[in-house]
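Asker: To be precise about what I am sending: the file is called coords_11.txt and holds compact mmCIF, C-alpha atoms.
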```txt
# COMPACT_ATOMS: atom_id res chain seq x y z
CA LEU T 62 95.19 108.60 113.23
CA LEU T 63 93.00 110.90 111.19
CA SER T 64 89.83 109.57 112.80
CA LEU T 65 91.39 109.76 116.26
CA LEU T 66 92.42 113.37 115.76
CA LYS T 67 88.80 114.29 115.01
CA GLN T 68 87.99 113.27 118.60
CA LYS T 69 90.41 115.98 119.83
CA PRO T 70 92.40 113.84 122.29
CA THR T 71 94.91 115.54 124.53
CA LYS T 72 97.64 113.03 123.65
CA ILE T 73 98.15 110.12 121.25
CA PHE T 74 100.98 107.62 121.40
CA ALA T 75 101.34 105.89 118.02
CA ILE T 76 103.48 102.78 118.28
CA ASP T 77 105.03 100.74 115.49
CA PHE T 78 108.00 98.39 115.28
CA SER T 79 108.94 99.73 111.84
CA SER T 80 111.33 102.67 111.64
CA GLU T 81 110.09 103.34 108.12
CA ALA T 82 106.45 103.50 109.25
CA ILE T 83 107.41 105.92 112.02
CA LYS T 84 109.34 108.08 109.56
CA ILE T 85 106.41 108.23 107.10
CA SER T 86 103.89 108.94 109.86
CA LYS T 87 105.99 111.74 111.34
CA LYS T 88 106.13 113.36 107.92
CA LEU T 89 102.36 112.98 107.35
CA PHE T 90 101.44 114.38 110.77
CA LYS T 91 104.26 116.88 111.30
CA LYS T 92 101.81 119.67 112.22
CA GLU T 93 100.17 117.64 114.97
CA LYS T 94 101.73 118.45 118.34
CA ASN T 95 99.74 115.93 120.39
CA ILE T 96 101.06 112.77 118.67
CA SER T 97 104.18 111.00 119.85
CA PHE T 98 105.55 108.34 117.51
CA ILE T 99 107.38 105.53 119.28
CA LYS T 100 109.31 102.66 117.75
CA SER T 101 108.50 99.65 119.91
CA SER T 102 107.24 96.12 119.89
CA VAL T 103 103.67 95.59 121.10
CA THR T 104 105.02 92.78 123.32
CA LYS T 105 107.14 95.15 125.44
CA MET T 106 106.28 98.85 125.43
CA PRO T 107 108.15 101.61 127.26
CA PHE T 108 105.35 102.81 129.55
CA LYS T 109 104.51 102.49 133.24
CA ASP T 110 101.76 100.15 134.42
CA GLU T 111 98.22 101.50 133.97
CA SER T 112 99.31 104.37 131.70
CA PHE T 113 96.29 104.48 129.38
CA ASP T 114 92.52 104.97 129.61
CA ILE T 115 92.05 103.77 126.02
CA ILE T 116 94.12 101.47 123.82
CA ILE T 117 93.32 100.84 120.18
CA SER T 118 94.44 97.53 118.72
CA ARG T 119 93.55 97.42 115.03
CA TYR T 120 95.07 94.70 112.86
CA ILE T 121 98.10 94.28 115.11
CA LEU T 122 97.70 90.92 116.81
CA ASN T 123 97.20 89.16 113.48
CA ASN T 124 100.85 89.85 112.62
CA LEU T 125 102.12 87.88 115.61
CA ASN T 126 102.58 84.19 116.33
CA GLU T 127 100.64 82.61 119.20
CA LYS T 128 103.33 83.18 121.84
CA GLU T 129 103.72 86.83 120.80
CA ARG T 130 99.92 87.39 120.77
CA LYS T 131 99.67 86.17 124.37
CA LYS T 132 102.60 88.36 125.37
CA ALA T 133 101.08 91.38 123.60
CA VAL T 134 97.69 90.96 125.31
CA HIS T 135 99.46 90.64 128.66
CA GLU T 136 101.24 93.92 127.84
CA LEU T 137 97.94 95.61 126.92
CA TYR T 138 96.49 94.47 130.24
CA ARG T 139 99.51 95.89 132.08
CA LEU T 140 99.22 99.26 130.36
CA LEU T 141 95.46 99.71 130.68
CA LYS T 142 94.09 101.61 133.67
CA ASN T 143 91.34 100.06 135.77
CA ASP T 144 88.02 100.74 134.01
CA GLY T 145 90.00 101.39 130.81
CA LYS T 146 88.95 100.14 127.39
CA ILE T 147 90.61 98.46 124.44
CA PHE T 148 89.05 98.92 121.03
CA PHE T 149 89.94 95.77 119.12
CA GLU T 150 89.63 94.85 115.46
CA ASP T 151 91.20 92.00 113.52
CA PHE T 152 90.65 89.31 110.86
CA SER T 153 88.25 86.38 111.16
CA ILE T 154 88.83 82.90 109.73
CA GLU T 155 85.82 83.67 107.53
CA ASP T 156 87.61 86.54 105.80
CA PHE T 157 88.21 85.97 102.06
CA ARG T 158 91.99 86.26 102.59
CA TYR T 159 91.96 83.17 104.80
CA ASN T 160 90.95 81.06 101.83
CA SER T 161 93.61 82.50 99.53
CA LYS T 162 96.22 80.12 100.92
CA ASN T 163 98.22 80.16 97.72
CA LYS T 164 101.67 81.63 98.34
CA GLN T 165 101.11 81.25 102.08
CA LYS T 166 102.69 78.72 104.41
CA LEU T 167 100.78 77.42 107.43
CA ILE T 168 102.97 77.84 110.55
CA GLU T 169 100.39 77.51 113.35
CA ASN T 170 96.65 76.97 113.60
CA ASN T 171 95.03 79.67 111.41
CA THR T 172 98.43 81.40 111.07
CA PHE T 173 100.31 81.76 107.81
CA THR T 174 103.46 83.39 106.58
CA LYS T 175 103.03 85.23 103.33
CA GLU T 176 105.51 85.09 100.50
CA ASN T 177 107.19 88.23 101.88
CA GLY T 178 107.62 86.61 105.33
CA ILE T 179 104.88 88.60 107.08
CA ILE T 180 102.75 86.61 109.52
CA CYS T 181 98.98 86.74 109.14
CA HIS T 182 96.71 85.14 111.73
CA PHE T 183 92.95 84.73 111.39
CA PHE T 184 90.90 84.64 114.60
CA GLU T 185 88.03 82.54 115.83
CA LYS T 186 85.69 84.20 118.34
CA LYS T 187 86.43 81.68 121.10
CA GLU T 188 90.14 82.29 120.64
CA ILE T 189 89.68 86.04 121.21
CA GLU T 190 87.64 85.32 124.33
CA ASN T 191 90.41 83.05 125.64
CA LEU T 192 93.14 85.51 124.72
CA PHE T 193 91.48 88.36 126.65
CA ASN T 194 90.23 86.21 129.55
CA LYS T 195 91.95 88.36 132.24
CA PHE T 196 89.72 91.31 131.34
CA SER T 197 86.41 91.83 133.13
CA ARG T 198 84.17 92.56 130.14
CA LEU T 199 84.45 91.51 126.54
CA LYS T 200 82.00 92.49 123.80
CA ILE T 201 83.12 91.03 120.47
CA LYS T 202 81.00 90.92 117.34
CA LYS T 203 81.63 89.53 113.91
CA ILE T 204 81.18 91.95 111.03
CA SER T 205 80.89 90.87 107.42
CA PHE T 206 80.89 93.21 104.44
CA GLN T 207 81.91 93.33 100.82
CA PRO T 208 84.36 96.21 100.35
CA ILE T 209 84.74 95.76 96.62
CA LYS T 210 81.74 95.32 94.35
CA LEU T 211 82.98 92.71 91.93
CA LYS T 212 81.53 89.62 90.40
CA LEU T 213 83.68 87.69 92.86
CA ASN T 214 82.19 87.01 96.26
CA LEU T 215 84.95 88.48 98.42
CA ASN T 216 83.50 88.98 101.88
CA ARG T 217 85.66 90.75 104.37
CA VAL T 218 84.96 89.33 107.81
CA ILE T 219 86.45 90.84 110.94
CA PHE T 220 85.99 90.77 114.67
CA SER T 221 85.40 94.10 116.32
CA GLY T 222 84.88 94.77 119.97
CA ILE T 223 85.34 96.61 123.20
CA ILE T 224 87.36 95.00 125.95
CA GLU T 225 87.26 96.47 129.45
CA LYS T 226 89.55 96.00 132.42
```
Take the structure in the file and write it out as structure tokens.

Answerer:
Amino acid sequence: LLSLLKQKPTKIFAIDFSSEAIKISKKLFKKEKNISFIKSSVTKMPFKDESFDIIISRYILNNLNEKERKKAVHELYRLLKNDGKIFFEDFSIEDFRYNSKNKQKLIENNTFTKENGIICHFFEKKEIENLFNKFSRLKIKKISFQPIKLKLNLNRVIFSGIIEK
């Protein structure tokens, strides 16, 4: 939200399914009048069709199972105006966390539940292309970087892209 606010948008709708996350965010951004915090699932949001010019989906779809991911992308398509854009970012199967399968249970292809019950999915590029196949333009790139300079080779690998309707 901090980086979005620097762009001086007229209105931001921040959506989360967690009441606690909403509560914390409201407290952190209490002075900001142009942010509305809404408790909702990404698979069914309380907005009219074609409500948004821009949607940002960062590390959201990875917390859903396959059926929910498809439903969520359908919902994003419904909410996005024609010529609108989605800024997408999420984990790749090449991310170092994918290989740390200890204390994780495989529940679907490239999808695990962590010890705390949270789902974590790791994407393949072709899967993202298939998931967003209703959209007219899709520019996805793989980004690899090492966020922590340690003796361990922990490469963080994500997919980042712009998806247009």

Asker: Using only C-alpha atoms, can you tell me which of T:Ile204, T:Ile121, T:Glu93, T:Ile116 comes closest to T:Lys67?

Answerer: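 Closest to T:Lys67 of all the choices is T:Glu93.
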
Asker: Quick one: which stretch 84-176 of chain T residues come within 12 Å of stretch 189-197 of chain T, and what is the nearest atom pair for each with the distance in Å to one decimal, counting all atoms listed in the file, rows ordered by chain and ascending number, as JSON lines?

Answerer:
```
{"residue": "T:Leu122", "atom": "CA", "partner": "T:Ile189", "partner_atom": "CA", "distance": 10.4}
{"residue": "T:Asn123", "atom": "CA", "partner": "T:Ile189", "partner_atom": "CA", "distance": 11.2}
{"residue": "T:Glu127", "atom": "CA", "partner": "T:Leu192", "partner_atom": "CA", "distance": 9.8}
{"residue": "T:Lys128", "atom": "CA", "partner": "T:Leu192", "partner_atom": "CA", "distance": 10.8}
{"residue": "T:Glu129", "atom": "CA", "partner": "T:Leu192", "partner_atom": "CA", "distance": 11.4}
{"residue": "T:Arg130", "atom": "CA", "partner": "T:Leu192", "partner_atom": "CA", "distance": 8.1}
{"residue": "T:Lys131", "atom": "CA", "partner": "T:Leu192", "partner_atom": "CA", "distance": 6.6}
{"residue": "T:Lys132", "atom": "CA", "partner": "T:Leu192", "partner_atom": "CA", "distance": 9.9}
{"residue": "T:Ala133", "atom": "CA", "partner": "T:Leu192", "partner_atom": "CA", "distance": 9.9}
{"residue": "T:Val134", "atom": "CA", "partner": "T:Phe193", "partner_atom": "CA", "distance": 6.9}
{"residue": "T:His135", "atom": "CA", "partner": "T:Phe193", "partner_atom": "CA", "distance": 8.5}
{"residue": "T:Glu136", "atom": "CA", "partner": "T:Phe193", "partner_atom": "CA", "distance": 11.3}
{"residue": "T:Leu137", "atom": "CA", "partner": "T:Phe193", "partner_atom": "CA", "distance": 9.7}
{"residue": "T:Tyr138", "atom": "CA", "partner": "T:Phe196", "partner_atom": "CA", "distance": 7.6}
{"residue": "T:Arg139", "atom": "CA", "partner": "T:Lys195", "partner_atom": "CA", "distance": 10.7}
{"residue": "T:Leu141", "atom": "CA", "partner": "T:Phe196", "partner_atom": "CA", "distance": 10.2}
{"residue": "T:Lys142", "atom": "CA", "partner": "T:Phe196", "partner_atom": "CA", "distance": 11.4}
{"residue": "T:Asn143", "atom": "CA", "partner": "T:Phe196", "partner_atom": "CA", "distance": 9.9}
{"residue": "T:Asp144", "atom": "CA", "partner": "T:Ser197", "partner_atom": "CA", "distance": 9.1}
{"residue": "T:Gly145", "atom": "CA", "partner": "T:Phe196", "partner_atom": "CA", "distance": 10.1}
{"residue": "T:Lys146", "atom": "CA", "partner": "T:Phe196", "partner_atom": "CA", "distance": 9.7}
{"residue": "T:Ile147", "atom": "CA", "partner": "T:Phe196", "partner_atom": "CA", "distance": 10.0}
{"residue": "T:Phe149", "atom": "CA", "partner": "T:Ile189", "partner_atom": "CA", "distance": 10.0}
{"residue": "T:Glu150", "atom": "CA", "partner": "T:Ile189", "partner_atom": "CA", "distance": 10.5}
{"residue": "T:Asp151", "atom": "CA", "partner": "T:Ile189", "partner_atom": "CA", "distance": 9.8}
{"residue": "T:Phe152", "atom": "CA", "partner": "T:Ile189", "partner_atom": "CA", "distance": 10.9}
{"residue": "T:Ser153", "atom": "CA", "partner": "T:Ile189", "partner_atom": "CA", "distance": 10.2}
{"residue": "T:Ile154", "atom": "CA", "partner": "T:Ile189", "partner_atom": "CA", "distance": 11.9}
```

Asker: What is the atom CA of T:Lys226 to atom CA of T:Ile117 distance in Å?

Answerer: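 If I compute the distance from atom CA of T:Lys226 to atom CA of T:Ile117, I get 13.7 Å.
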
Asker: Between atom CA of T:Ser86 and atom CA of T:Thr172, what distance in Å does the model show, to one decimal?

Answerer: 28.1 Å

Asker: Excluding T:Val218 and its own-chain neighbours fewer than 6 positions away, which residues fall within 12 Å of it when counting all atoms listed in the file? Please give them as a PyMOL selection string.

Answerer: chain T and resi 150-160+183-186+202-208

Asker: Quick one: distance from atom CA of T:Asp114 to atom CA of T:Ile180 in Å, one decimal?

Answerer: 29.1 Å

Asker: With only C-alpha atoms as the basis for distance, which of T:Asp77, T:Glu225, T:Glu188, T:Asp110 is at the shortest distance from T:Asn170?

Answerer: T:Glu188

Asker: Skip T:Phe148 itself and residues of its chain fewer than 3 positions away, then list as an mmCIF file with C-alpha atoms, keeping the file's coordinate frame all residues within 9 Å of it, counting all atoms listed in the file.

Answerer:
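around31.cif, freshly written:
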```cif
data_model
loop_
_atom_site.group_PDB
_atom_site.id
_atom_site.type_symbol
_atom_site.label_atom_id
_atom_site.label_comp_id
_atom_site.auth_asym_id
_atom_site.auth_seq_id
_atom_site.Cartn_x
_atom_site.Cartn_y
_atom_site.Cartn_z
ATOM 1 C CA ILE T 115 92.050 103.770 126.020
ATOM 2 C CA ILE T 116 94.120 101.470 123.820
ATOM 3 C CA ILE T 117 93.320 100.840 120.180
ATOM 4 C CA SER T 118 94.440 97.530 118.720
ATOM 5 C CA ARG T 119 93.550 97.420 115.030
ATOM 6 C CA SER T 221 85.400 94.100 116.320
ATOM 7 C CA GLY T 222 84.880 94.770 119.970
ATOM 8 C CA ILE T 223 85.340 96.610 123.200
ATOM 9 C CA ILE T 224 87.360 95.000 125.950
ATOM 10 C CA GLU T 225 87.260 96.470 129.450
#
```

Asker: Here is a test: counting only C-alpha atoms, which residue of T:Ile96, T:Leu215, T:Leu65, T:Leu199 is nearest to T:Ile83?

Answerer: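 Of the candidates, the smallest distance to T:Ile83 is held by T:Ile96.
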
Asker: Rank nothing, just name the residue among T:Asn95, T:Phe90, T:Asn126, T:Thr174 nearest to T:Pro70, using all atoms listed in the file.

Answerer: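 Using all atoms listed in the file, the shortest distance to T:Pro70 belongs to T:Asn95.
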
Asker: For each of T:Leu66, T:Ile201, T:Cys181, T:Leu89, take the minimum atom-to-atom distance to T:Tyr120, counting only C-alpha atoms, then give the residue where this is smallest.

Answerer: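 Residue with the minimum atom-to-atom distance to T:Tyr120: T:Cys181.
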
Asker: Can you tell me, as AutoDock Vina command-line options, the centre and edge lengths (Å, one decimal) of the axis-aligned box enclosing all of stretch 193-206 of chain T's listed atoms after padding each side by 8 Å?

Answerer:
```
--center_x 86.4 --center_y 89.7 --center_z 118.8 --size_x 27.1 --size_y 23.0 --size_z 44.7
```

Asker: Could you write stretch 136-161 of chain T of the block just shown to a file containing N, CA, C and O atoms, as a PDB file, in the first residue's frame?

Answerer:
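As a result, result02.pdb now contains:
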```pdb
ATOM      1  N   GLU T 136     -13.079 -14.152 -11.377  1.00  0.00           N
ATOM      2  CA  GLU T 136     -13.555 -12.970 -10.660  1.00  0.00           C
ATOM      3  C   GLU T 136     -12.755 -11.728 -11.054  1.00  0.00           C
ATOM      4  O   GLU T 136     -13.319 -10.652 -11.254  1.00  0.00           O
ATOM      5  N   LEU T 137     -11.449 -11.856 -11.202  1.00  0.00           N
ATOM      6  CA  LEU T 137     -10.620 -10.731 -11.645  1.00  0.00           C
ATOM      7  C   LEU T 137     -11.038 -10.273 -13.042  1.00  0.00           C
ATOM      8  O   LEU T 137     -11.121  -9.080 -13.316  1.00  0.00           O
ATOM      9  N   TYR T 138     -11.315 -11.237 -13.902  1.00  0.00           N
ATOM     10  CA  TYR T 138     -11.761 -10.919 -15.263  1.00  0.00           C
ATOM     11  C   TYR T 138     -13.079 -10.147 -15.213  1.00  0.00           C
ATOM     12  O   TYR T 138     -13.260  -9.155 -15.918  1.00  0.00           O
ATOM     13  N   ARG T 139     -13.990 -10.601 -14.367  1.00  0.00           N
ATOM     14  CA  ARG T 139     -15.299  -9.951 -14.228  1.00  0.00           C
ATOM     15  C   ARG T 139     -15.157  -8.499 -13.755  1.00  0.00           C
ATOM     16  O   ARG T 139     -15.836  -7.606 -14.237  1.00  0.00           O
ATOM     17  N   LEU T 140     -14.248  -8.265 -12.835  1.00  0.00           N
ATOM     18  CA  LEU T 140     -14.100  -6.946 -12.228  1.00  0.00           C
ATOM     19  C   LEU T 140     -13.298  -5.953 -13.059  1.00  0.00           C
ATOM     20  O   LEU T 140     -13.423  -4.747 -12.878  1.00  0.00           O
ATOM     21  N   LEU T 141     -12.483  -6.454 -13.964  1.00  0.00           N
ATOM     22  CA  LEU T 141     -11.605  -5.587 -14.747  1.00  0.00           C
ATOM     23  C   LEU T 141     -12.341  -4.951 -15.923  1.00  0.00           C
ATOM     24  O   LEU T 141     -13.044  -5.622 -16.670  1.00  0.00           O
ATOM     25  N   LYS T 142     -12.169  -3.640 -16.072  1.00  0.00           N
ATOM     26  CA  LYS T 142     -12.758  -2.929 -17.209  1.00  0.00           C
ATOM     27  C   LYS T 142     -12.058  -3.360 -18.494  1.00  0.00           C
ATOM     28  O   LYS T 142     -10.907  -3.809 -18.474  1.00  0.00           O
ATOM     29  N   ASN T 143     -12.757  -3.180 -19.630  1.00  0.00           N
ATOM     30  CA  ASN T 143     -12.100  -3.416 -20.917  1.00  0.00           C
ATOM     31  C   ASN T 143     -10.899  -2.490 -21.014  1.00  0.00           C
ATOM     32  O   ASN T 143     -10.976  -1.333 -20.598  1.00  0.00           O
ATOM     33  N   ASP T 144      -9.809  -2.990 -21.526  1.00  0.00           N
ATOM     34  CA  ASP T 144      -8.527  -2.287 -21.611  1.00  0.00           C
ATOM     35  C   ASP T 144      -7.880  -2.083 -20.239  1.00  0.00           C
ATOM     36  O   ASP T 144      -6.914  -1.345 -20.113  1.00  0.00           O
ATOM     37  N   GLY T 145      -8.420  -2.738 -19.203  1.00  0.00           N
ATOM     38  CA  GLY T 145      -7.821  -2.670 -17.876  1.00  0.00           C
ATOM     39  C   GLY T 145      -6.616  -3.590 -17.766  1.00  0.00           C
ATOM     40  O   GLY T 145      -6.363  -4.422 -18.646  1.00  0.00           O
ATOM     41  N   LYS T 146      -5.874  -3.429 -16.669  1.00  0.00           N
ATOM     42  CA  LYS T 146      -4.645  -4.209 -16.476  1.00  0.00           C
ATOM     43  C   LYS T 146      -4.609  -4.840 -15.093  1.00  0.00           C
ATOM     44  O   LYS T 146      -5.048  -4.233 -14.118  1.00  0.00           O
ATOM     45  N   ILE T 147      -4.036  -6.036 -15.061  1.00  0.00           N
ATOM     46  CA  ILE T 147      -3.743  -6.709 -13.798  1.00  0.00           C
ATOM     47  C   ILE T 147      -2.228  -6.766 -13.674  1.00  0.00           C
ATOM     48  O   ILE T 147      -1.543  -7.178 -14.615  1.00  0.00           O
ATOM     49  N   PHE T 148      -1.724  -6.336 -12.545  1.00  0.00           N
ATOM     50  CA  PHE T 148      -0.304  -6.492 -12.243  1.00  0.00           C
ATOM     51  C   PHE T 148      -0.194  -7.711 -11.345  1.00  0.00           C
ATOM     52  O   PHE T 148      -0.741  -7.727 -10.246  1.00  0.00           O
ATOM     53  N   PHE T 149       0.485  -8.718 -11.846  1.00  0.00           N
ATOM     54  CA  PHE T 149       0.528 -10.032 -11.217  1.00  0.00           C
ATOM     55  C   PHE T 149       1.940 -10.369 -10.745  1.00  0.00           C
ATOM     56  O   PHE T 149       2.913 -10.074 -11.433  1.00  0.00           O
ATOM     57  N   GLU T 150       2.020 -10.983  -9.570  1.00  0.00           N
ATOM     58  CA  GLU T 150       3.301 -11.471  -9.078  1.00  0.00           C
ATOM     59  C   GLU T 150       3.038 -12.645  -8.151  1.00  0.00           C
ATOM     60  O   GLU T 150       2.151 -12.586  -7.303  1.00  0.00           O
ATOM     61  N   ASP T 151       3.803 -13.728  -8.355  1.00  0.00           N
ATOM     62  CA  ASP T 151       3.647 -14.901  -7.498  1.00  0.00           C
ATOM     63  C   ASP T 151       4.842 -15.842  -7.640  1.00  0.00           C
ATOM     64  O   ASP T 151       5.700 -15.634  -8.485  1.00  0.00           O
ATOM     65  N   PHE T 152       4.871 -16.887  -6.822  1.00  0.00           N
ATOM     66  CA  PHE T 152       6.011 -17.795  -6.732  1.00  0.00           C
ATOM     67  C   PHE T 152       6.144 -18.734  -7.928  1.00  0.00           C
ATOM     68  O   PHE T 152       5.163 -19.217  -8.463  1.00  0.00           O
ATOM     69  N   SER T 153       7.388 -19.024  -8.288  1.00  0.00           N
ATOM     70  CA  SER T 153       7.721 -19.993  -9.320  1.00  0.00           C
ATOM     71  C   SER T 153       8.127 -21.315  -8.666  1.00  0.00           C
ATOM     72  O   SER T 153       8.572 -21.333  -7.513  1.00  0.00           O
ATOM     73  N   ILE T 154       8.014 -22.397  -9.430  1.00  0.00           N
ATOM     74  CA  ILE T 154       8.472 -23.697  -8.919  1.00  0.00           C
ATOM     75  C   ILE T 154       9.987 -23.711  -8.719  1.00  0.00           C
ATOM     76  O   ILE T 154      10.511 -24.596  -8.066  1.00  0.00           O
ATOM     77  N   GLU T 155      10.678 -22.715  -9.249  1.00  0.00           N
ATOM     78  CA  GLU T 155      12.130 -22.630  -9.079  1.00  0.00           C
ATOM     79  C   GLU T 155      12.539 -21.848  -7.830  1.00  0.00           C
ATOM     80  O   GLU T 155      13.719 -21.721  -7.537  1.00  0.00           O
ATOM     81  N   ASP T 156      11.563 -21.337  -7.103  1.00  0.00           N
ATOM     82  CA  ASP T 156      11.842 -20.601  -5.877  1.00  0.00           C
ATOM     83  C   ASP T 156      12.413 -21.557  -4.823  1.00  0.00           C
ATOM     84  O   ASP T 156      12.017 -22.718  -4.752  1.00  0.00           O
ATOM     85  N   PHE T 157      13.336 -21.060  -3.989  1.00  0.00           N
ATOM     86  CA  PHE T 157      13.986 -21.925  -3.001  1.00  0.00           C
ATOM     87  C   PHE T 157      12.989 -22.552  -2.022  1.00  0.00           C
ATOM     88  O   PHE T 157      13.208 -23.634  -1.502  1.00  0.00           O
ATOM     89  N   ARG T 158      11.865 -21.908  -1.790  1.00  0.00           N
ATOM     90  CA  ARG T 158      10.865 -22.450  -0.863  1.00  0.00           C
ATOM     91  C   ARG T 158      10.196 -23.698  -1.399  1.00  0.00           C
ATOM     92  O   ARG T 158       9.699 -24.513  -0.635  1.00  0.00           O
ATOM     93  N   TYR T 159      10.152 -23.838  -2.722  1.00  0.00           N
ATOM     94  CA  TYR T 159       9.546 -25.020  -3.334  1.00  0.00           C
ATOM     95  C   TYR T 159      10.300 -26.284  -2.925  1.00  0.00           C
ATOM     96  O   TYR T 159       9.712 -27.324  -2.706  1.00  0.00           O
ATOM     97  N   ASN T 160      11.591 -26.158  -2.814  1.00  0.00           N
ATOM     98  CA  ASN T 160      12.425 -27.311  -2.472  1.00  0.00           C
ATOM     99  C   ASN T 160      12.506 -27.584  -0.980  1.00  0.00           C
ATOM    100  O   ASN T 160      13.051 -28.592  -0.565  1.00  0.00           O
ATOM    101  N   SER T 161      11.967 -26.705  -0.163  1.00  0.00           N
ATOM    102  CA  SER T 161      11.980 -26.946   1.283  1.00  0.00           C
ATOM    103  C   SER T 161      10.688 -27.665   1.678  1.00  0.00           C
ATOM    104  O   SER T 161       9.874 -27.163   2.421  1.00  0.00           O
TER     105      SER T 161
END
```
